[in-house]
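Peer 1: Pasting a structure below so you can have a look.
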Amino acid sequence: MPSIAQNLKPSRAHKQRVSAPILGTPETHLDRWAFPAFLALLTLLCLAHALYLSQTKYPFTSPDEAHYSSGAVSIANGLRTRTLPGAWAGYRDALGFKPPLVCIPAGLFILLTHSVTLPFSLTLVFSFAALGLASYSLFRNCFRPFHAAIAATTLLDMPLITGLTHRYYVELPVLLLTVITVDLLVRIGWRTVAGSILIGLVLGLGVLAKTTFALFIVPPILFSMWIYIRQPSTKSFMRTAAALLAKLALAIVTSVVIAWPWYSRNFTPTLEHAKISALAANCYYRHWIAADLSSGPSILLTLFAAIGLAVIAKRLIGSVETAQSFRAWMMILLLALTTALGVYTSVNKATRFQVTWLPAFAALAVAAWYPFEGRKWFHIGPAVVALLATVLSLHNSFEILGTHPIGFGDVKLIDCRFPLNVPGWFDDNAPVDRRNYRLSEVEAMIAADALRRFPANYSPEARTTQSQLLINFYYFDFLSSTRRHPVHYMTWW
């Protein structure tokens, strides 16, 4: 049996044998129209999310959203000074104990739109669109255009992705940067100096999005380095290894240049916050795999992904894949394995931390149809699955099916509410809530009353009796700072 290492540089005849019809240049009518059709579907999905966000009358459902929003305001206020020191201070002061990348585009949108809540909606929609394009590019390393488009569609339709897009969470850009990094490692690797700098740039942005980004991306990086060492070369092993280490050092230096300006000021509180979160007893969430799979990729895609795992394992062991698809599959699977180990061996507090294993589920769900190659179900099967996933995704947003939840215990087949956080914390993945609580008007009334009752330059405290329910003191405090009102909000607890 040929060894797996033979995939690193297969012969021309071997490439021709396996590249048609699964890989290679587009030949079929479906392949030629796959990407334009995917762009049209991506546009419609973005419009659906924009509609969801525009109809949501209750802006923040969690302290995380309010905290990220305060970071965006800090960046916008720094830019309003029209000075480089002011803008720099606004950036370095953003958030303080969480990486600030998610706040930067929102801060720019605040400056451009002069709005309070619209910038966060725009940020989410653009992140969603970018994830769609990046995932299509990644999956093209494994599939022909039609199946790559199907895999990208199923990824976007997963309950976890849909829920994260509905709210201002950092995990969506983290997944985007993870997908881009893996794609760069597959397509470019460490062959060129420019490619190494580009990889370092994305790594720096990833660390600015979430500190643990660096941990999950290490195995794909190590595998890409092994691929580089194994490539046939006229250079000696020592010279090849030295060149690789030099390019790796260049990537690391680039990432440090990108991330260190913020971390140099906030590294200690960031590390302290990570320790507290990891050890907090009230953050402990005993993950039950059925709930995680229902809330993450969905049970539907999980079933097909399980079949696809067996199919791909056989192809990888049998050296059927081309060099490029072999690299892509190995890195995608390594990323999924690392995510699973990190999530299930730590005391974490949310289902949403599993976001980086979702590309593997999307790709494997499409690969499950490989045994039907050459028959109509090779195209119809994954397309039907993607269509069902799209319908369930829209149901998650707008309750379009009009049915009661269907499931068995923690296994949810049809539902529109999925837990992304510790059970009992807050509901951040739910159908659109069109009720208008007029919280902005309430905050303005409290501020006007405070200005009448207290002297100038005095900052009174307003205490609410409910936390994270109809009266959200985080949102009140955000509005107060944005409108430069003197009132500071907190709870009695």
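Here, A, B, ... name the chains of the structure tokens in the order displayed, residue numbers run from 1 inside each chain, and ligands are numbered from 1 in the same displayed order.
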Per residue of range 116-221 of chain A within 7 Å of range 51-68 of chain A, which atom pair is closest and at what distance in Å (one decimal), using only C-alpha atoms, listed by chain and increasing number, as a tab-separated table?
Peer 2:
residue	atom	partner	partner_atom	distance
A:Thr117	CA	A:Pro59	CA	7.0
A:Ser121	CA	A:Leu53	CA	6.1
A:His166	CA	A:Leu53	CA	6.8
A:Tyr168	CA	A:Glu65	CA	5.6
Peer 1: Enumerate the residues of range 276-475 of chain A with a DSSP assignment of helix (DSSP H, G or I), computed from the backbone, and present them as a PyMOL selection string.
Peer 2: chain A and resi 276-279+281-283+289-295+299-317+323-344+351-367+370-372+377-398+439-453+473-475
Peer 1: Counting only C-alpha atoms, figure out which residue out of A:Asp183, A:Thr482, A:Ala50, A:Leu164 gets nearest to Arg140 in chain A.
Peer 2: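 Residue with the minimum atom-to-atom distance to Arg140 in chain A: A:Asp183.
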Peer 1: With a distance cut-off of 12 Å and only C-alpha atoms, select the neighbouring residues of Gly78 in chain A, excluding the residue or stretch itself and same-chain residues fewer than 2 positions from it, and output the selection as a PyMOL selection string.
Peer 2: chain A and resi 71-76+80-94+104+107-108+110-111
Peer 1: Could you pull the residues within 10 Å of range 450-457 of chain A, counting only C-alpha atoms, minus those fewer than 6 positions along the same chain, as a PyMOL selection string?
Peer 2: chain A and resi 444+485-487
Peer 1: Taking 6 positions as the minimum chain separation for residues in the same chain, which residues sit within 8 Å of range 248-263 of chain A when counting only C-alpha atoms? Answer as a list of chain:residue names.
Peer 2: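 The contact residues come out as A:Tyr91, A:Arg92, A:Trp190, A:Ser196, A:Ile197, A:Leu198, A:Ile199, A:Gly200, A:Leu201, A:Val202, A:Leu203, A:Gly204, A:Leu205, A:Val207, A:Leu208.
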Peer 1: Now that the selection is made, can you save its residues with N, CA and C atoms as a short mmCIF file (atom, residue, chain, number, x, y, z; two decimals), in the first residue's frame?
Peer 2:
data_model
loop_
_atom_site.label_atom_id
_atom_site.label_comp_id
_atom_site.auth_asym_id
_atom_site.auth_seq_id
_atom_site.Cartn_x
_atom_site.Cartn_y
_atom_site.Cartn_z
N TYR A 91 -7.38 53.42 20.82
CA TYR A 91 -7.20 52.01 20.47
C TYR A 91 -6.61 51.23 21.64
N ARG A 92 -5.56 51.75 22.26
CA ARG A 92 -4.89 51.01 23.34
C ARG A 92 -5.76 50.93 24.60
N TRP A 190 5.19 27.91 3.41
CA TRP A 190 6.40 28.65 3.75
C TRP A 190 7.35 28.74 2.56
N SER A 196 5.24 34.23 4.06
CA SER A 196 5.48 34.15 5.50
C SER A 196 5.03 35.42 6.20
N ILE A 197 5.29 36.57 5.58
CA ILE A 197 4.84 37.84 6.16
C ILE A 197 3.32 37.91 6.20
N LEU A 198 2.67 37.43 5.13
CA LEU A 198 1.21 37.44 5.09
C LEU A 198 0.63 36.54 6.17
N ILE A 199 1.21 35.37 6.35
CA ILE A 199 0.76 34.47 7.42
C ILE A 199 0.94 35.14 8.79
N GLY A 200 2.06 35.79 8.99
CA GLY A 200 2.30 36.49 10.25
C GLY A 200 1.30 37.61 10.49
N LEU A 201 0.92 38.30 9.43
CA LEU A 201 -0.07 39.37 9.55
C LEU A 201 -1.41 38.83 10.04
N VAL A 202 -1.85 37.72 9.45
CA VAL A 202 -3.12 37.13 9.85
C VAL A 202 -3.03 36.57 11.27
N LEU A 203 -1.89 35.98 11.62
CA LEU A 203 -1.72 35.48 12.98
C LEU A 203 -1.80 36.61 14.01
N GLY A 204 -1.20 37.75 13.69
CA GLY A 204 -1.27 38.89 14.59
C GLY A 204 -2.69 39.38 14.78
N LEU A 205 -3.45 39.44 13.69
CA LEU A 205 -4.85 39.84 13.79
C LEU A 205 -5.64 38.82 14.58
N VAL A 207 -4.60 36.89 17.07
CA VAL A 207 -4.32 37.06 18.49
C VAL A 207 -5.01 38.31 19.03
N LEU A 208 -5.17 39.34 18.17
CA LEU A 208 -5.90 40.54 18.58
C LEU A 208 -7.41 40.29 18.65
#
Peer 1: Which residues, written as a VMD selection string, have at least one atom at most 7 Å from Asn141 in chain A, with only C-alpha atoms counted and residues fewer than 4 positions away on the same chain left out?
Peer 2: chain A and resid 324 to 325 328
Peer 1: Please produce a file of those selected residues containing C-alpha atoms, as a PDB file, in the first residue's frame.
Peer 2:
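The file below, result04.pdb, is the result:
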ATOM      1  CA  GLN A 324      -3.126  20.004  -2.147  1.00  0.00           C
ATOM      2  CA  SER A 325      -6.315  18.299  -1.002  1.00  0.00           C
ATOM      3  CA  ALA A 328      -6.143  20.803   3.285  1.00  0.00           C
TER       4      ALA A 328
END
Peer 1: Just the number, please: distance in Å from CA of Leu364 in chain A to CA of Ala310 in chain A, one decimal.
Peer 2: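 According to the coordinates, CA of Leu364 in chain A and CA of Ala310 in chain A are separated by 9.1 Å.
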Peer 1: Which residues are near range 284-300 of chain A? Cut-off 9 Å, only C-alpha atoms, ignore same chain within fewer than 4 positions. Put them as a PyMOL selection string.
Peer 2: chain A and resi 154-155+157-161+278-280+304-305+343-344+347-352+354-355+358+361-362+385+388-389+409-413+417-423
Peer 1: Between CA of Pro145 in chain A and CA of Ala367 in chain A, what is the distance, to one decimal in Å?
Peer 2: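 One can read the CA of Pro145 in chain A to CA of Ala367 in chain A distance as 13.5 Å.
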